[in-house]
Each structure stands twice: as C-alpha cells, then as structure tokens.
$ cat protein.txt   # compact mmCIF, C-alpha atoms and all ligand atoms
# COMPACT_ATOMS: atom_id res chain seq x y z
CA MET E 1 8.99 2.57 -1.77
CA ARG E 2 7.40 5.75 -3.20
CA GLN E 3 3.65 6.03 -2.87
CA ARG E 4 1.20 7.92 -5.01
CA HIS E 5 -1.56 9.48 -2.95
CA ILE E 6 -4.55 7.19 -2.56
CA ARG E 7 -7.64 9.39 -2.34
CA ASN E 8 -9.73 7.14 -0.17
CA ARG E 9 -7.02 5.55 1.97
CA GLU E 10 -8.88 6.34 5.20
CA ASP E 11 -11.99 4.61 3.84
CA ILE E 12 -9.94 1.59 2.84
CA LEU E 13 -8.27 1.34 6.26
CA ARG E 14 -11.67 1.59 7.94
CA ASP E 15 -13.49 -0.87 5.66
CA CYS E 16 -10.70 -3.43 5.28
CA GLY E 17 -8.83 -3.01 8.58
CA GLY E 18 -10.34 -6.34 9.71
CA TYR E 19 -7.91 -8.08 7.38
CA ILE E 20 -5.01 -6.99 9.61
CA VAL E 21 -3.97 -9.54 12.25
CA GLU E 22 -4.24 -7.68 15.54
CA ASP E 23 -1.80 -9.50 17.81
CA PRO E 24 0.38 -11.69 15.56
CA LYS E 25 2.52 -13.09 18.40
CA SER E 26 -0.60 -14.53 20.04
CA MET E 27 -1.26 -16.56 16.87
CA LYS E 28 1.99 -18.52 17.17
CA GLY E 29 1.24 -22.22 16.81
CA HIS E 30 -2.38 -21.84 15.67
CA TRP E 31 -2.40 -19.56 12.65
CA LEU E 32 -4.61 -21.91 10.68
CA ASP E 33 -7.45 -21.19 13.13
CA LEU E 34 -7.83 -17.89 11.25
CA PHE E 35 -8.52 -19.76 8.02
CA PRO E 36 -11.25 -22.38 8.43
CA GLY E 37 -11.20 -24.91 5.59
CA CYS E 38 -7.66 -24.02 4.47
CA GLU E 39 -4.74 -26.41 4.36
CA GLY E 40 -1.15 -25.19 4.41
CA LEU E 41 0.24 -21.87 5.62
CA TYR E 42 2.35 -19.62 3.39
CA LEU E 43 4.14 -16.41 4.34
CA GLU E 44 5.51 -13.58 2.23
CA ILE E 45 7.94 -11.28 4.06
CA GLY E 46 7.98 -7.79 2.52
CA SER E 47 4.80 -7.90 0.45
CA GLY E 48 4.87 -4.29 -0.73
CA LYS E 49 1.57 -3.45 -2.37
CA GLY E 50 0.52 -7.11 -2.35
CA GLN E 51 0.17 -7.96 -6.04
CA PHE E 52 2.01 -11.28 -5.70
CA ILE E 53 0.45 -12.60 -2.50
CA SER E 54 -3.10 -11.57 -3.48
CA GLY E 55 -2.54 -13.30 -6.84
CA MET E 56 -1.43 -16.45 -5.03
CA ALA E 57 -4.41 -16.34 -2.66
CA GLU E 58 -6.74 -16.01 -5.62
CA ARG E 59 -5.10 -18.87 -7.47
CA TYR E 60 -5.05 -21.20 -4.44
CA PRO E 61 -8.24 -20.55 -2.43
CA ARG E 62 -7.72 -23.60 -0.15
CA ARG E 63 -4.30 -22.38 1.04
CA ALA E 64 -3.82 -19.81 3.80
CA PHE E 65 -1.55 -16.83 3.05
CA LEU E 66 0.03 -14.20 5.26
CA ALA E 67 1.37 -10.96 3.83
CA CYS E 68 3.93 -9.38 6.13
CA GLU E 69 4.80 -5.76 5.50
CA GLY E 70 6.36 -3.17 7.78
CA GLN E 71 5.65 -0.02 5.84
CA PHE E 72 2.39 1.62 6.86
CA ASN E 73 2.08 3.60 3.60
CA VAL E 74 1.39 0.53 1.52
CA TYR E 75 -1.28 -1.04 3.75
CA PRO E 76 -4.19 0.55 1.88
CA ARG E 77 -2.89 -0.98 -1.34
CA ILE E 78 -2.74 -4.49 0.10
CA LEU E 79 -6.02 -4.18 1.97
CA GLN E 80 -7.76 -2.85 -1.11
CA LYS E 81 -6.71 -5.95 -3.06
CA ILE E 82 -7.86 -8.32 -0.31
CA GLY E 83 -11.18 -6.52 -0.01
CA ALA E 84 -11.83 -6.13 -3.72
CA LYS E 85 -11.14 -9.80 -4.39
CA GLY E 86 -12.94 -10.94 -1.22
CA LEU E 87 -9.97 -13.07 -0.22
CA GLU E 88 -10.83 -14.96 2.96
CA ASN E 89 -7.53 -16.85 2.77
CA LEU E 90 -5.19 -13.83 3.04
CA ARG E 91 -4.40 -11.68 6.08
CA LEU E 92 -1.87 -8.90 6.69
CA ILE E 93 0.76 -8.87 9.44
CA SER E 94 1.34 -5.13 9.69
CA GLU E 95 4.84 -5.00 11.12
CA TYR E 96 8.50 -5.58 10.29
CA ILE E 97 9.50 -9.12 11.13
CA THR E 98 12.84 -9.25 12.92
CA ASP E 99 12.78 -12.83 14.17
CA PRO E 100 10.08 -14.97 12.50
CA CYS E 101 10.52 -17.55 15.27
CA ASP E 102 8.67 -15.08 17.55
CA LEU E 103 5.58 -15.48 15.37
CA PHE E 104 5.68 -19.07 14.19
CA GLU E 105 6.09 -22.38 15.94
CA ASP E 106 8.72 -24.83 14.71
CA GLY E 107 7.42 -26.58 11.58
CA GLU E 108 4.32 -24.37 11.28
CA LEU E 109 4.86 -23.05 7.74
CA ASP E 110 4.52 -24.73 4.36
CA GLY E 111 6.31 -22.06 2.38
CA ILE E 112 8.05 -18.68 2.57
CA TYR E 113 8.29 -16.14 -0.25
CA LEU E 114 10.93 -13.40 -0.37
CA ASN E 115 10.32 -11.14 -3.36
CA PHE E 116 12.68 -8.29 -4.20
CA SER E 117 13.86 -8.01 -0.62
CA ASP E 118 15.66 -4.82 0.36
CA PRO E 119 19.34 -5.29 -0.53
CA TRP E 120 20.93 -3.47 2.44
CA LYS E 121 24.65 -2.66 2.26
CA LYS E 122 27.24 -5.38 2.88
CA ARG E 123 28.21 -3.84 6.24
CA THR E 124 24.61 -4.30 7.45
CA ALA E 125 24.19 -7.64 5.70
CA ASN E 126 22.76 -9.23 8.85
CA ARG E 127 19.58 -7.23 8.11
CA ARG E 128 19.16 -8.96 4.77
CA LEU E 129 16.32 -11.45 4.73
CA THR E 130 18.70 -14.06 3.32
CA TYR E 131 21.36 -13.60 6.02
CA ARG E 132 22.40 -17.04 7.29
CA GLY E 133 20.92 -16.42 10.75
CA LYS E 134 17.56 -15.65 9.15
CA LEU E 135 17.80 -18.76 6.98
CA GLU E 136 18.35 -20.84 10.12
CA GLY E 137 15.14 -19.34 11.50
CA TYR E 138 13.18 -20.16 8.32
CA LYS E 139 14.48 -23.72 8.52
CA ARG E 140 13.06 -24.01 12.04
CA ILE E 141 9.59 -22.63 11.35
CA CYS E 142 9.16 -24.55 8.09
CA LYS E 143 7.98 -28.14 8.13
CA SER E 144 9.75 -30.90 6.27
CA GLY E 145 8.77 -30.58 2.60
CA ALA E 146 8.15 -26.82 2.87
CA PHE E 147 10.00 -24.36 0.63
CA LEU E 148 11.71 -20.99 0.48
CA GLN E 149 11.31 -19.08 -2.79
CA PHE E 150 13.41 -16.02 -3.58
CA LYS E 151 13.26 -13.55 -6.47
CA THR E 152 15.38 -10.47 -7.07
CA ASP E 153 16.67 -8.13 -9.74
CA ASN E 154 19.90 -7.62 -7.76
CA GLU E 155 22.90 -9.71 -8.91
CA GLU E 156 25.02 -8.95 -5.85
CA LEU E 157 22.22 -9.83 -3.43
CA PHE E 158 21.51 -13.01 -5.40
CA ASP E 159 25.14 -14.21 -5.27
CA TYR E 160 25.33 -13.29 -1.59
CA SER E 161 22.12 -15.24 -0.90
CA LEU E 162 23.44 -18.37 -2.64
CA GLU E 163 26.56 -18.16 -0.45
CA GLU E 164 24.41 -17.76 2.64
CA LEU E 165 22.37 -20.84 1.66
CA ALA E 166 25.59 -22.84 1.54
CA ALA E 167 26.65 -21.42 4.92
CA ALA E 168 23.31 -22.55 6.37
CA ASP E 169 23.71 -26.04 4.83
CA LEU E 170 20.88 -25.50 2.39
CA VAL E 171 21.06 -26.69 -1.22
CA PRO E 172 18.78 -24.97 -3.75
CA ALA E 173 16.53 -27.30 -5.73
CA ALA E 174 16.34 -24.73 -8.55
CA VAL E 175 18.40 -21.70 -9.57
CA GLU E 176 17.46 -19.44 -12.50
CA ARG E 177 19.31 -16.30 -13.53
CA ASP E 178 16.68 -15.41 -16.12
CA LEU E 179 13.37 -16.53 -14.65
CA HIS E 180 11.22 -14.98 -17.36
CA SER E 181 12.99 -16.96 -20.11
CA SER E 182 12.79 -20.22 -18.17
CA PRO E 183 10.00 -22.84 -18.14
CA LEU E 184 9.11 -21.59 -14.64
CA ALA E 185 7.80 -18.36 -16.17
CA ASP E 186 4.47 -20.00 -17.05
CA ASN E 187 3.45 -20.38 -13.40
CA ASN E 188 5.11 -17.23 -12.12
CA ILE E 189 2.99 -14.50 -10.53
CA VAL E 190 4.83 -11.21 -10.95
CA THR E 191 5.27 -8.65 -8.19
CA GLU E 192 5.11 -4.87 -8.63
CA TYR E 193 8.92 -4.56 -8.49
CA GLU E 194 9.35 -7.49 -10.85
CA GLU E 195 7.12 -5.81 -13.42
CA LYS E 196 9.15 -2.62 -13.18
CA PHE E 197 12.58 -4.26 -13.46
CA ALA E 198 11.57 -6.72 -16.18
CA SER E 199 10.19 -3.85 -18.28
CA GLN E 200 13.66 -2.25 -18.04
CA GLY E 201 15.22 -5.42 -19.47
CA ILE E 202 16.72 -6.51 -16.13
CA LYS E 203 16.84 -10.29 -15.73
CA ILE E 204 14.97 -11.67 -12.75
CA LYS E 205 16.98 -14.05 -10.59
CA TYR E 206 15.26 -16.89 -8.71
CA PHE E 207 15.98 -19.79 -6.40
CA LEU E 208 13.93 -22.41 -4.61
CA VAL E 209 14.96 -24.38 -1.53
CA ASN E 210 13.08 -27.41 -0.29
CA PHE E 211 13.47 -27.99 3.45
CA THR E 212 14.02 -31.58 4.53
C1 LIG E 301 11.71 -3.59 -2.44
S1 LIG E 301 10.13 -3.78 -1.73
C2 LIG E 301 9.46 -5.15 -2.65
C3 LIG E 301 7.97 -5.26 -2.52
C4 LIG E 301 7.31 -6.46 -3.21
N1 LIG E 301 7.75 -7.71 -2.63
C5 LIG E 301 7.55 -6.46 -4.68
O1 LIG E 301 8.33 -7.30 -5.15
O2 LIG E 301 6.97 -5.64 -5.39
C6 LIG E 301 10.54 -4.55 -0.19
C7 LIG E 301 9.43 -4.43 0.83
O3 LIG E 301 9.73 -5.26 1.93
C8 LIG E 301 9.37 -4.60 3.14
N2 LIG E 301 10.19 -5.21 4.20
C9 LIG E 301 11.53 -5.24 4.26
N3 LIG E 301 11.96 -5.91 5.33
C10 LIG E 301 10.84 -6.35 5.98
C11 LIG E 301 10.63 -7.11 7.16
N4 LIG E 301 11.63 -7.57 7.88
N5 LIG E 301 9.34 -7.36 7.53
C12 LIG E 301 8.31 -6.88 6.79
N6 LIG E 301 8.46 -6.15 5.67
C13 LIG E 301 9.70 -5.90 5.25
C14 LIG E 301 9.65 -3.13 2.86
O4 LIG E 301 8.90 -2.28 3.69
C15 LIG E 301 9.23 -3.01 1.38
O5 LIG E 301 7.87 -2.66 1.26
$ encode --input "protein.txt" --output "structure tokens"
Amino acid sequence: MRQRHIRNREDILRDCGGYIVEDPKSMKGHWLDLFPGCEGLYLEIGSGKGQFISGMAERYPRRAFLACEGQFNVYPRILQKIGAKGLENLRLISEYITDPCDLFEDGELDGIYLNFSDPWKKRTANRRLTYRGKLEGYKRICKSGAFLQFKTDNEELFDYSLEELAAADLVPAAVERDLHSSPLADNNIVTEYEEKFASQGIKIKYFLVNFT
C-alpha cells in the first residue's frame, strides 16, 4: 500500500501509541477486559488505514473492535482516526496475524471482517486469508452465531474464496457480486480500497457466513 508522507507521524505515534495492544498473545481469552462496558468482540484482519473499522466503532459504541494490521507505515493513519474520534472501543493489533488461534480462545469472537485482502498468487494461495486452513481457524475462534464478512474487488479471489468455503463446510448466508447496487449498500461502511475501486466502476463482491 503506497503511503503519502504524514508530517506529524512521530507526534501521532507518541500521542496515540496507547491504542496499540502491547502483548496481544497475553490477551487470549480475556480481550473484553480491555473494553469495559462493551459487549461482543469484532476483529478486522488487514485494516489498512482504518476507515472501515473506525467507522464501525463509531457506529456501534457498545461493541469492542480490534483492527489488525501488519504494515507499520499505516499505523499513524489508524491511530489518528482512533484518537481524533476518541474511540474507546477500538484498539490496534500491530502485527501480521499468521494463526489467529494464537491470539483468540475458541468461541471468543462475535465477528471477523476481511476487506480487500491481499490476493496472493495461486501458488502461494495458503497465504490468502480465505484459504481453507484459515477458515477452519476462524470457525474455531468464532462463537456460534458469529459471522465472517468478506469484501473484494477481485473476481478470481472471490471465486476462490467461495470454493474454499465449500471445502471448509461453510455455506454463505449471503453472496453479492455487486454490493453497491444491492439492498446491503445502505448499511455498508466503505473502506479506502473500496472507495478507490468503486470509483473506477469495479463491482464490489461480498459474502457473509454465519457460524453455527
Ligand atoms: C489491500 S490492503 C486493504 C486495506 C483495507 N482493508 C481496505 O480495504 O482499504 C490489505 C491490508 O491487509 C494487511 N494484511 C495482509 N495480511 C495481513 C495479516 N495476515 N495480518 C494483518 N494484516 C494483514 C496488509 O498489510 C494491507 O495493509
């Protein structure tokens, strides 16, 4: 992801660094302790500059949100949004997640968001966030009734992901190949990538899985 220079990035990291979770593995099983008064724990893997997850945290102040992002360059952007909006229900996990089961107890999460995940080439498909092994992990750490929501511009990744759902015995509750023309558009919070692709006329693909 290309970054424009942020003039006061050092200031932002200093002032808002408290929004970064220091030792995420130690939080396994008791994440909600970080969010007094919140009910429900929601994770976005690959938050980029944080437009989506900060929008969600603002819309749902009683829910707890975790932005997970591995790229250091974008941290000031996320932290700036958390700080500017004073979001006490959003924290940043500042690392690449390889196995989410290292960070979350079985049944700990209420929802997972994957927005415009890196497509990776087919030969390294096991790095894709919708690889069947990863889906098995999400199934474990999500409670019954929790969901997985996926959005992408990428047709090939979308078709692949639907196949991987089937391989992991997961049936989508909703599939949209043109999210912005669907009734779901009303409630949709757009991400930075989504804005860019939609403005180029690319249809946004979406699915939702409800875990049983
Ligand atoms: C294509 S960008 C999309 C950003 C944002 N979700 C959006 O829609 O605007 C994908 C982001 O996911 C991050 N990412 C990819 N794999 C990740 C992982 N396993 N853990 C954390 N972040 C990840 C990348 O660093 C990158 O910033």
$ closest_residue --input "protein.txt" --among "E:Leu92, E:Leu208, E:Ala173, E:Leu148" --to "Gln71 in chain E" --atoms "all atoms listed in the file"
E:Leu92
$ axis_aligned_box --input "protein.txt" --around "range 191-208 of chain E" --padding-each-side "6 Å" --output "lines of an AutoDock Vina configuration file"
center_x = 11.0
center_y = -12.3
center_z = -12.0
size_x = 23.9
size_y = 32.2
size_z = 26.9
$ closest_atom_pairs --input "protein.txt" --of "chain E" --to "ligand LIG 301 (chain E)" --cutoff "9 Å" --atoms "only C-alpha atoms and all ligand atoms" --output "JSON lines"
{"residue": "E:Met1", "atom": "CA", "partner": "E:LIG301", "partner_atom": "O5", "distance": 6.1}
{"residue": "E:Glu44", "atom": "CA", "partner": "E:LIG301", "partner_atom": "N1", "distance": 7.9}
{"residue": "E:Ile45", "atom": "CA", "partner": "E:LIG301", "partner_atom": "C12", "distance": 5.2}
{"residue": "E:Gly46", "atom": "CA", "partner": "E:LIG301", "partner_atom": "O3", "distance": 3.1}
{"residue": "E:Ser47", "atom": "CA", "partner": "E:LIG301", "partner_atom": "N1", "distance": 4.3}
{"residue": "E:Gly48", "atom": "CA", "partner": "E:LIG301", "partner_atom": "C3", "distance": 3.7}
{"residue": "E:Lys49", "atom": "CA", "partner": "E:LIG301", "partner_atom": "C4", "distance": 6.5}
{"residue": "E:Gly50", "atom": "CA", "partner": "E:LIG301", "partner_atom": "C4", "distance": 6.9}
{"residue": "E:Gln51", "atom": "CA", "partner": "E:LIG301", "partner_atom": "O2", "distance": 7.2}
{"residue": "E:Phe52", "atom": "CA", "partner": "E:LIG301", "partner_atom": "C5", "distance": 7.4}
{"residue": "E:Ile53", "atom": "CA", "partner": "E:LIG301", "partner_atom": "N1", "distance": 8.8}
{"residue": "E:Ala67", "atom": "CA", "partner": "E:LIG301", "partner_atom": "C12", "distance": 8.6}
{"residue": "E:Cys68", "atom": "CA", "partner": "E:LIG301", "partner_atom": "C12", "distance": 5.1}
{"residue": "E:Glu69", "atom": "CA", "partner": "E:LIG301", "partner_atom": "N6", "distance": 3.7}
{"residue": "E:Gly70", "atom": "CA", "partner": "E:LIG301", "partner_atom": "N6", "distance": 4.2}
{"residue": "E:Gln71", "atom": "CA", "partner": "E:LIG301", "partner_atom": "O4", "distance": 4.5}
{"residue": "E:Phe72", "atom": "CA", "partner": "E:LIG301", "partner_atom": "O4", "distance": 8.2}
{"residue": "E:Asn73", "atom": "CA", "partner": "E:LIG301", "partner_atom": "O5", "distance": 8.8}
{"residue": "E:Val74", "atom": "CA", "partner": "E:LIG301", "partner_atom": "O5", "distance": 7.2}
{"residue": "E:Ile93", "atom": "CA", "partner": "E:LIG301", "partner_atom": "C12", "distance": 8.2}
{"residue": "E:Ser94", "atom": "CA", "partner": "E:LIG301", "partner_atom": "C12", "distance": 7.7}
{"residue": "E:Glu95", "atom": "CA", "partner": "E:LIG301", "partner_atom": "C12", "distance": 5.9}
{"residue": "E:Tyr96", "atom": "CA", "partner": "E:LIG301", "partner_atom": "N5", "distance": 3.4}
{"residue": "E:Ile97", "atom": "CA", "partner": "E:LIG301", "partner_atom": "N5", "distance": 4.0}
{"residue": "E:Thr98", "atom": "CA", "partner": "E:LIG301", "partner_atom": "N4", "distance": 5.4}
{"residue": "E:Asp99", "atom": "CA", "partner": "E:LIG301", "partner_atom": "N4", "distance": 8.3}
{"residue": "E:Pro100", "atom": "CA", "partner": "E:LIG301", "partner_atom": "N4", "distance": 8.9}
{"residue": "E:Tyr113", "atom": "CA", "partner": "E:LIG301", "partner_atom": "N1", "distance": 8.8}
{"residue": "E:Leu114", "atom": "CA", "partner": "E:LIG301", "partner_atom": "N1", "distance": 6.9}
{"residue": "E:Asn115", "atom": "CA", "partner": "E:LIG301", "partner_atom": "N1", "distance": 4.3}
{"residue": "E:Phe116", "atom": "CA", "partner": "E:LIG301", "partner_atom": "O1", "distance": 4.6}
{"residue": "E:Ser117", "atom": "CA", "partner": "E:LIG301", "partner_atom": "C6", "distance": 4.8}
{"residue": "E:Asp118", "atom": "CA", "partner": "E:LIG301", "partner_atom": "C1", "distance": 5.0}
{"residue": "E:Pro119", "atom": "CA", "partner": "E:LIG301", "partner_atom": "C1", "distance": 8.0}
{"residue": "E:Arg127", "atom": "CA", "partner": "E:LIG301", "partner_atom": "N4", "distance": 8.0}
{"residue": "E:Arg128", "atom": "CA", "partner": "E:LIG301", "partner_atom": "N3", "distance": 7.8}
{"residue": "E:Leu129", "atom": "CA", "partner": "E:LIG301", "partner_atom": "N4", "distance": 6.9}
{"residue": "E:Lys151", "atom": "CA", "partner": "E:LIG301", "partner_atom": "O1", "distance": 8.1}
{"residue": "E:Thr152", "atom": "CA", "partner": "E:LIG301", "partner_atom": "O1", "distance": 8.0}
{"residue": "E:Val190", "atom": "CA", "partner": "E:LIG301", "partner_atom": "O1", "distance": 7.8}
{"residue": "E:Thr191", "atom": "CA", "partner": "E:LIG301", "partner_atom": "O2", "distance": 4.4}
{"residue": "E:Glu192", "atom": "CA", "partner": "E:LIG301", "partner_atom": "O2", "distance": 3.8}
{"residue": "E:Tyr193", "atom": "CA", "partner": "E:LIG301", "partner_atom": "O2", "distance": 3.8}
{"residue": "E:Glu194", "atom": "CA", "partner": "E:LIG301", "partner_atom": "O1", "distance": 5.8}
{"residue": "E:Glu195", "atom": "CA", "partner": "E:LIG301", "partner_atom": "O2", "distance": 8.0}
{"residue": "E:Lys196", "atom": "CA", "partner": "E:LIG301", "partner_atom": "O2", "distance": 8.6}
$ residues_around --input "protein.txt" --residues "Phe104 in chain E" --least-positions-apart "2" --cutoff "8 Å" --atoms "all atoms listed in the file" --output "list in words"
Lys25, Met27, Lys28, Gly29, Pro100, Cys101, Asp102, Asp106, Glu108, Leu109 and Ile141 of chain E
$ residues_around --input "protein.txt" --residues "Glu39 in chain E" --least-positions-apart "6" --cutoff "7 Å" --atoms "all atoms listed in the file" --output "ChimeraX atom specification"
/E:62-64
$ residues_around --input "protein.txt" --residues "Ala57 in chain E" --least-positions-apart "5" --cutoff "10 Å" --atoms "all atoms listed in the file" --output "CSV table (one decimal) with C-alpha atoms, keeping the file's coordinate frame"
chain,number,residue,atom,x,y,z
E,42,TYR,CA,2.4,-19.6,3.4
E,52,PHE,CA,2.0,-11.3,-5.7
E,62,ARG,CA,-7.7,-23.6,-0.2
E,63,ARG,CA,-4.3,-22.4,1.0
E,64,ALA,CA,-3.8,-19.8,3.8
E,65,PHE,CA,-1.6,-16.8,3.0
E,66,LEU,CA,0.0,-14.2,5.3
E,82,ILE,CA,-7.9,-8.3,-0.3
E,85,LYS,CA,-11.1,-9.8,-4.4
E,87,LEU,CA,-10.0,-13.1,-0.2
E,88,GLU,CA,-10.8,-15.0,3.0
E,89,ASN,CA,-7.5,-16.8,2.8
E,90,LEU,CA,-5.2,-13.8,3.0
E,91,ARG,CA,-4.4,-11.7,6.1
$ atom_distance --input "protein.txt" --atom1 "CA of Leu179 in chain E" --atom2 "CA of Lys203 in chain E"
7.2 Å
$ residues_around --input "protein.txt" --residues "Leu165 in chain E" --least-positions-apart "3" --cutoff "12 Å" --atoms "all atoms listed in the file" --output "list in words"
Leu129, Thr130, Tyr131, Arg132, Gly133, Lys134, Leu135, Glu136, Tyr138, Lys139, Leu148, Phe150, Phe158, Asp159, Tyr160, Ser161, Leu162, Ala168, Asp169, Leu170, Val171, Pro172, Ala173, Val175, Phe207, Leu208, Val209, Asn210 and Phe211 of chain E
$ atom_distance --input "protein.txt" --atom1 "CA of Ser144 in chain E" --atom2 "CA of Leu103 in chain E"
18.4 Å
$ closest_residue --input "protein.txt" --among "E:Pro24, E:Gly18, E:Gly40, E:Gly201" --to "Tyr60 in chain E" --atoms "only C-alpha atoms"
E:Gly40
